[in-house]
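Please read the structure below before turning to the comments.
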Protein chains: 2
Amino acid sequence: MIIIGELINASREAIKAAIESQDSAAIQKVAQDQARAGADYMDVNAGIFLDQEPEYLKWLVRMVQTATDKPCAIDSPNPAVIEAAVMVHQGTPLINSISLEKERFDRLLPFVAGTDFKVIALCMSDEGMPQTVDDRLRIADKLVGGLLNNNVKVENIFVDPLVQPLSVNNSYGLAFIDAMEKILDNYPGIHTACGVSNISYGLPARKYLNHIFMTMAISKGLDGAIINPLDRRLMAGIIAAEALAGRDDFCMNYLKAFREGLFEG
Amino acid sequence: MIIIGELINASREAIKAAIESQDSAAIQKVAQDQARAGADYMDVNAGIFLDQEPEYLKWLVRMVQTATDKPCAIDSPNPAVIEAAVMVHQGTPLINSISLEKERFDRLLPFVAGTDFKVIALCMSDEGMPQTVDDRLRIADKLVGGLLNNNVKVENIFVDPLVQPLSVNNSYGLAFIDAMEKILDNYPGIHTACGVSNISYGLPARKYLNHIFMTMAISKGLDGAIINPLDRRLMAGIIAAEALAGRDDFCMNYLKAFREGLFEG
């Protein structure tokens with residue numbers, strides 16, 4: 001499982017304050033905590049700052065990379081900001097994200113063409129959010145096709161079929177999972193990734209519902225997740241789900257996590 | 001979800017003692033507790049008693065049916081014992097179980113032929129336990145075919161594809177789920193059922209692993225489970241998984257369970 005740590009996001013009050021006061025130690029501690037807890041990538045997002053977003057995002061990249069050896073997931077809806085932050089990034093970044101929205105697609109596609117960048121391909125277009133399995137597949141085909149035709153390797157693409165709230169339509173959980181399964185079938189070697197918290201929007205006991213949905217998706221092939229790696233219960237769920245899905249030889253990771261106390265409480 | 005309460009089983013010390021002392025109140029209390037917690041069927045098993053098994057099983061059926069209005073799942077590997085217990089059962093029992101083991105199959109098939117009995121069809125044969133998806137499908141086809149040809153309605157059949165321990169082979173979790181999906185595709189209207197605890201045999205944190213496996217199976221169509229309905233965490237997982245799988249209109253059951261405190265702690 002590829003874990004993208006979600007905590008360095010300026011929409012969180014503590015991160016916003018640390019950015020405003022340029023508190024390096026605070027950001028570096030969150031980065032180190034996430035790395036220790038198992039994050040493979042460190043998401044960095046300064047989207048709330050608008051005009052200062054590029055400067056702050058570059059600063060976040062530098063803070064993460066002085067504190068850990070993990071690459072960043074450069075997270076912005078603005079392609080120009082992504083490009084600026086990638087320029088200061090050491091090693092291979094994860095671009096979060098390209099979509100089929102025309103402005104984003106037309107600018108980011110040439111930027112990632114022929115590179116070894118990892119790319120999250122979000123199933124969203126100018127027609128809005130996809131509702132059905134077919135909506136998701138149509139967008140995914142155009143996104144993945146565009147990336148492959150521009151010499152992005154299939155194994156560097158992470159398709160996010162877009163989780164939508166169950167409270168709006170009770171088919172949205174399965175629509176995500178079924179679309180994901182078909183995308184994995186259609187493009188051997190491709191990855192998938194998502195944040196799951198949207199599934200529980202408008203419902204109570206959200207953490208629990210997120211947790212169960214994540215394990216369901218893993219059982220059908222999800223291999224990337226944008227989550228809080230300090231949530232030990234969620235990390236335990238991921239490790240158990242991978243073992244149950246046959247992706248943990250001799251249950252070695254599961255047994256190691258158990259010895260480390262991840263399943264206590 | 002069809003819940004088969006598993007607690008009235010003589011392999012449990014308290015039940016064995018209650019049977020030996022013919023303590024009606026003790027059995028009736030367990031039956032009532034399970035019914036209140038949501039059991040649709042009450043499994044009854046007196047298998048450890050050998051010679052006294054038929055008498056004791058009949059007594060358990062009577063105890064359950066004087067205490068609750070729930071039908072029993074008549075649980076024995078011995079067809080003669082099942083027949084004896086069914087004779088004293090009021091209403092429509094669930095036969096637990098027919099299998100492809102020759103002695104069991106040849107005697108139980110004519111017994112259930114043309115009846116409205118519900119029947120668990122366990123994917124086991126004289127060649128032993130199935131290993132692969134194909135093993136399970138071969139057995140399921142013979143079992144379901146035999147039942148349908150003998151006028152058992154498809155909606156009265158619960159196929160159990162047989163959960164085997166992940167600690168023995170890390171493909172056993174997916175082999176169960178994939179076989180289940182194919183059986184549901186092959187026989188529209190059929191049910192599936194299983195006990196899940198075998199999945200975690202030989203591993204630590206078993207309850208947690210069972211819980212996650214159950215929710216995975218529900219997401220791909222499992223609609224019957226032989227479980228302890230007094231395990232509130234497990235019942236919460238079932239209700240959450242059904243909502244996520246699109247089987248809970250407007251999340252009504254989920255919201256009701258939340259209001260009743262099932263997701264606390």
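Following the order of the structure tokens, first chain is A, next is B, and so on, with residues numbered from 1 inside each chain and ligands from 1 in the order they appear.
Within 7 Å of chain A, counting only C-alpha atoms, chain B contributes B:Ser167, B:Asn170, B:Ser171, B:Gly173, B:Leu174, B:Ala205, B:Leu209, B:Ile212, B:Phe213, B:Thr215, B:Met216, B:Ser219, B:Ala240, B:Ala241, B:Leu244, B:Ala245, B:Gly246, B:Asp249, B:Phe250, B:Phe263.
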Using N, CA, C and O atoms, can you export the residues from the last selection as a short mmCIF file (atom, residue, chain, number, x, y, z; two decimals), in the first residue's frame?
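See out16.cif below for the written result:
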```cif
data_model
loop_
_atom_site.label_atom_id
_atom_site.label_comp_id
_atom_site.auth_asym_id
_atom_site.auth_seq_id
_atom_site.Cartn_x
_atom_site.Cartn_y
_atom_site.Cartn_z
N SER B 167 -3.74 -18.07 7.33
CA SER B 167 -2.39 -18.44 7.80
C SER B 167 -1.85 -19.64 7.02
O SER B 167 -0.64 -19.85 6.97
N ASN B 170 -2.19 -17.43 1.68
CA ASN B 170 -2.69 -16.05 1.67
C ASN B 170 -3.68 -15.77 0.53
O ASN B 170 -4.20 -14.67 0.44
N SER B 171 -4.00 -16.77 -0.27
CA SER B 171 -5.02 -16.59 -1.30
C SER B 171 -6.41 -16.99 -0.80
O SER B 171 -7.40 -16.80 -1.51
N GLY B 173 -8.52 -15.87 1.44
CA GLY B 173 -9.53 -14.82 1.62
C GLY B 173 -10.20 -14.47 0.31
O GLY B 173 -11.42 -14.53 0.16
N LEU B 174 -9.37 -14.16 -0.69
CA LEU B 174 -9.93 -13.80 -2.01
C LEU B 174 -10.58 -14.99 -2.69
O LEU B 174 -11.55 -14.81 -3.44
N ALA B 205 -5.03 -11.24 17.00
CA ALA B 205 -6.07 -10.20 16.79
C ALA B 205 -7.19 -10.76 15.91
O ALA B 205 -7.63 -10.13 14.96
N LEU B 209 -9.63 -9.27 12.58
CA LEU B 209 -9.49 -9.81 11.23
C LEU B 209 -10.83 -10.37 10.74
O LEU B 209 -11.23 -10.16 9.58
N ILE B 212 -13.09 -7.41 9.69
CA ILE B 212 -12.75 -6.80 8.40
C ILE B 212 -13.13 -7.75 7.25
O ILE B 212 -13.65 -7.32 6.23
N PHE B 213 -12.89 -9.04 7.46
CA PHE B 213 -13.21 -9.99 6.39
C PHE B 213 -14.72 -10.02 6.12
O PHE B 213 -15.17 -10.08 4.97
N THR B 215 -16.87 -7.59 6.49
CA THR B 215 -17.30 -6.40 5.76
C THR B 215 -16.88 -6.48 4.30
O THR B 215 -17.62 -6.06 3.41
N MET B 216 -15.70 -7.03 4.03
CA MET B 216 -15.26 -7.23 2.64
C MET B 216 -16.24 -8.14 1.89
O MET B 216 -16.62 -7.86 0.75
N SER B 219 -19.46 -6.51 1.04
CA SER B 219 -19.37 -5.55 -0.07
C SER B 219 -19.49 -6.26 -1.41
O SER B 219 -19.86 -5.64 -2.41
N ALA B 240 -22.81 -1.11 8.79
CA ALA B 240 -22.04 -0.12 8.01
C ALA B 240 -21.71 -0.68 6.63
O ALA B 240 -21.83 0.02 5.61
N ALA B 241 -21.31 -1.95 6.59
CA ALA B 241 -20.92 -2.55 5.31
C ALA B 241 -22.12 -2.64 4.37
O ALA B 241 -21.99 -2.41 3.16
N LEU B 244 -22.63 0.81 2.90
CA LEU B 244 -21.59 1.11 1.91
C LEU B 244 -21.78 0.31 0.63
O LEU B 244 -21.41 0.75 -0.45
N ALA B 245 -22.39 -0.90 0.77
CA ALA B 245 -22.61 -1.74 -0.39
C ALA B 245 -23.92 -1.38 -1.11
O ALA B 245 -24.33 -2.10 -2.02
N GLY B 246 -24.57 -0.30 -0.69
CA GLY B 246 -25.77 0.15 -1.39
C GLY B 246 -27.01 -0.64 -1.06
O GLY B 246 -27.98 -0.63 -1.80
N ASP B 249 -31.40 1.61 2.01
CA ASP B 249 -32.00 2.80 1.39
C ASP B 249 -31.92 4.00 2.34
O ASP B 249 -32.37 3.92 3.49
N PHE B 250 -31.39 5.09 1.83
CA PHE B 250 -31.24 6.33 2.60
C PHE B 250 -30.46 6.13 3.90
O PHE B 250 -30.58 6.91 4.83
N PHE B 263 -22.52 2.35 17.46
CA PHE B 263 -21.19 2.77 16.99
C PHE B 263 -20.37 3.44 18.08
O PHE B 263 -19.31 3.99 17.82
#
```
Could you give me the residues within region 57-216 of chain A that DSSP places in alpha helix (DSSP H), as a ChimeraX atom specification?
/A:57-67,79-88,102-112,133-149,172-186,206-216
With C-alpha atoms retained, could you export that selection as a compact mmCIF listing (two decimals), in the first residue's frame?
```txt
# COMPACT_ATOMS: atom_id res chain seq x y z
CA LEU A 57 4.01 25.58 -1.12
CA LYS A 58 7.67 25.81 -2.10
CA TRP A 59 8.53 26.45 1.55
CA LEU A 60 6.53 23.38 2.62
CA VAL A 61 8.38 21.22 0.09
CA ARG A 62 11.72 22.43 1.45
CA MET A 63 10.64 21.86 5.06
CA VAL A 64 9.49 18.30 4.34
CA GLN A 65 12.65 17.47 2.43
CA THR A 66 15.03 18.83 5.05
CA ALA A 67 13.22 16.80 7.72
CA PRO A 79 -1.19 24.02 -12.43
CA ALA A 80 1.13 27.04 -12.20
CA VAL A 81 1.51 26.50 -8.47
CA ILE A 82 2.26 22.81 -8.98
CA GLU A 83 4.95 23.71 -11.52
CA ALA A 84 6.57 26.21 -9.16
CA ALA A 85 6.69 23.73 -6.30
CA VAL A 86 8.04 20.90 -8.46
CA MET A 87 10.98 23.15 -9.40
CA VAL A 88 12.27 23.16 -5.80
CA LYS A 102 -9.69 21.60 -19.58
CA GLU A 103 -7.45 24.23 -18.05
CA ARG A 104 -5.76 21.79 -15.71
CA PHE A 105 -5.45 19.06 -18.31
CA ASP A 106 -4.07 21.24 -21.11
CA ARG A 107 -1.38 22.77 -18.93
CA LEU A 108 -0.31 19.78 -16.81
CA LEU A 109 -0.22 17.20 -19.59
CA PRO A 110 2.77 18.77 -21.40
CA PHE A 111 4.40 19.43 -18.01
CA VAL A 112 4.40 15.75 -17.01
CA VAL A 133 -19.44 3.72 -13.00
CA ASP A 134 -19.61 4.63 -16.70
CA ASP A 135 -19.06 8.35 -15.99
CA ARG A 136 -15.90 7.44 -14.11
CA LEU A 137 -14.67 5.07 -16.80
CA ARG A 138 -15.19 7.60 -19.59
CA ILE A 139 -13.11 10.21 -17.74
CA ALA A 140 -10.47 7.66 -16.70
CA ASP A 141 -10.04 6.50 -20.31
CA LYS A 142 -9.40 10.03 -21.54
CA LEU A 143 -7.03 10.83 -18.68
CA VAL A 144 -5.03 7.63 -18.81
CA GLY A 145 -5.02 7.62 -22.62
CA GLY A 146 -3.67 11.19 -22.65
CA LEU A 147 -0.94 10.37 -20.14
CA LEU A 148 0.13 7.16 -21.90
CA ASN A 149 0.22 8.92 -25.28
CA TYR A 172 -21.89 5.86 -4.63
CA GLY A 173 -19.84 3.41 -2.55
CA LEU A 174 -20.17 0.58 -5.05
CA ALA A 175 -19.86 2.96 -8.03
CA PHE A 176 -16.40 3.91 -6.80
CA ILE A 177 -15.32 0.33 -6.14
CA ASP A 178 -16.72 -1.09 -9.38
CA ALA A 179 -15.10 1.68 -11.43
CA MET A 180 -11.81 1.05 -9.67
CA GLU A 181 -11.94 -2.68 -10.44
CA LYS A 182 -12.60 -2.02 -14.13
CA ILE A 183 -9.78 0.55 -14.38
CA LEU A 184 -7.36 -1.96 -12.82
CA ASP A 185 -8.53 -4.57 -15.36
CA ASN A 186 -8.25 -2.19 -18.31
CA ARG A 206 -17.73 9.06 10.02
CA LYS A 207 -14.34 7.65 11.03
CA TYR A 208 -15.80 4.21 11.35
CA LEU A 209 -17.55 4.35 7.98
CA ASN A 210 -14.36 5.66 6.32
CA HIS A 211 -12.42 2.81 7.87
CA ILE A 212 -14.78 0.10 6.60
CA PHE A 213 -14.96 1.66 3.14
CA MET A 214 -11.16 1.78 2.89
CA THR A 215 -10.87 -1.93 3.71
CA MET A 216 -13.56 -2.79 1.15
```
Taking the DSSP assignment computed from this structure's backbone, write out as an MDAnalysis selection string all residues of region 10-240 of chain A that belong to strand (DSSP E).
chainID A and resid 41:45 72:75 94:100 118:125 157:160 191:192 224:227
Write the residues you've just listed into a file as a short mmCIF file (atom, residue, chain, number, x, y, z; two decimals), in the first residue's frame, and include N, CA and C atoms for each of them.
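Resulting contents of selection25.cif:
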```cif
data_model
loop_
_atom_site.label_atom_id
_atom_site.label_comp_id
_atom_site.auth_asym_id
_atom_site.auth_seq_id
_atom_site.Cartn_x
_atom_site.Cartn_y
_atom_site.Cartn_z
N TYR A 41 4.61 9.13 0.79
CA TYR A 41 4.64 10.48 0.22
C TYR A 41 4.05 11.44 1.24
N MET A 42 4.49 12.69 1.15
CA MET A 42 4.01 13.71 2.07
C MET A 42 3.19 14.71 1.26
N ASP A 43 1.88 14.69 1.42
CA ASP A 43 1.08 15.68 0.72
C ASP A 43 1.37 17.06 1.29
N VAL A 44 1.53 18.06 0.40
CA VAL A 44 1.69 19.45 0.84
C VAL A 44 0.67 20.30 0.10
N ASN A 45 -0.07 21.09 0.87
CA ASN A 45 -1.17 21.89 0.31
C ASN A 45 -1.23 23.23 1.03
N CYS A 72 7.37 14.48 -2.00
CA CYS A 72 6.10 15.16 -1.72
C CYS A 72 5.04 14.82 -2.76
N ALA A 73 3.78 14.90 -2.31
CA ALA A 73 2.66 14.94 -3.23
C ALA A 73 2.26 16.41 -3.32
N ILE A 74 2.53 17.01 -4.48
CA ILE A 74 2.36 18.45 -4.67
C ILE A 74 0.88 18.69 -4.98
N ASP A 75 0.18 19.29 -4.03
CA ASP A 75 -1.28 19.28 -4.03
C ASP A 75 -1.83 20.69 -4.24
N LEU A 94 5.10 13.45 -6.64
CA LEU A 94 3.79 12.97 -7.05
C LEU A 94 2.93 14.21 -7.33
N ILE A 95 2.39 14.30 -8.52
CA ILE A 95 1.56 15.45 -8.90
C ILE A 95 0.13 15.18 -8.48
N ASN A 96 -0.43 16.04 -7.61
CA ASN A 96 -1.77 15.84 -7.07
C ASN A 96 -2.62 17.08 -7.35
N SER A 97 -3.26 17.18 -8.51
CA SER A 97 -3.52 16.10 -9.45
C SER A 97 -3.83 16.69 -10.81
N ILE A 98 -3.75 15.82 -11.81
CA ILE A 98 -4.30 16.17 -13.11
C ILE A 98 -5.76 15.72 -13.14
N SER A 99 -6.60 16.40 -13.91
CA SER A 99 -7.99 15.98 -14.08
C SER A 99 -8.37 16.26 -15.52
N LEU A 100 -9.62 16.00 -15.86
CA LEU A 100 -10.05 16.28 -17.24
C LEU A 100 -10.62 17.70 -17.36
N LYS A 118 5.31 10.84 -10.73
CA LYS A 118 4.08 10.11 -10.43
C LYS A 118 2.92 11.10 -10.56
N VAL A 119 1.79 10.62 -11.03
CA VAL A 119 0.66 11.52 -11.29
C VAL A 119 -0.65 10.92 -10.79
N ILE A 120 -1.35 11.68 -9.96
CA ILE A 120 -2.72 11.29 -9.61
C ILE A 120 -3.65 11.83 -10.68
N ALA A 121 -4.44 10.92 -11.27
CA ALA A 121 -5.40 11.29 -12.32
C ALA A 121 -6.80 11.23 -11.72
N LEU A 122 -7.32 12.41 -11.41
CA LEU A 122 -8.60 12.52 -10.70
C LEU A 122 -9.76 12.51 -11.69
N CYS A 123 -10.73 11.62 -11.47
CA CYS A 123 -11.84 11.46 -12.42
C CYS A 123 -12.86 12.58 -12.26
N MET A 124 -12.46 13.78 -12.71
CA MET A 124 -13.34 14.94 -12.66
C MET A 124 -13.18 15.66 -13.99
N SER A 125 -14.28 16.25 -14.49
CA SER A 125 -14.20 16.97 -15.76
C SER A 125 -14.98 18.27 -15.64
N ILE A 157 1.05 6.17 -12.93
CA ILE A 157 -0.28 6.78 -12.88
C ILE A 157 -1.10 6.19 -11.72
N PHE A 158 -1.68 7.08 -10.93
CA PHE A 158 -2.59 6.71 -9.85
C PHE A 158 -3.97 7.28 -10.18
N VAL A 159 -4.89 6.42 -10.62
CA VAL A 159 -6.23 6.91 -10.93
C VAL A 159 -7.04 7.03 -9.65
N ASP A 160 -7.68 8.16 -9.46
CA ASP A 160 -8.62 8.35 -8.34
C ASP A 160 -10.03 8.44 -8.92
N HIS A 191 -1.92 2.12 -10.93
CA HIS A 191 -2.27 2.21 -9.52
C HIS A 191 -3.59 2.97 -9.36
N THR A 192 -4.17 2.85 -8.16
CA THR A 192 -5.34 3.65 -7.81
C THR A 192 -5.06 4.32 -6.47
N GLY A 224 -3.36 2.74 -3.16
CA GLY A 224 -2.86 4.02 -2.70
C GLY A 224 -3.93 4.72 -1.88
N ALA A 225 -3.53 5.45 -0.85
CA ALA A 225 -4.53 6.11 -0.01
C ALA A 225 -3.97 7.41 0.53
N ILE A 226 -4.78 8.45 0.46
CA ILE A 226 -4.43 9.75 1.01
C ILE A 226 -5.09 9.83 2.38
N ILE A 227 -4.33 9.61 3.43
CA ILE A 227 -4.90 9.46 4.77
C ILE A 227 -4.00 10.06 5.83
#
```
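Pairwise distance (CA of Met235 (chain B), CA of Gly195 (chain B)) equals 13.8 Å.
Closest approach to Ile239 (chain B) among B:Gly38, B:Lys16, B:Thr92, B:Phe49 is made by B:Gly38 (distances from only C-alpha atoms).
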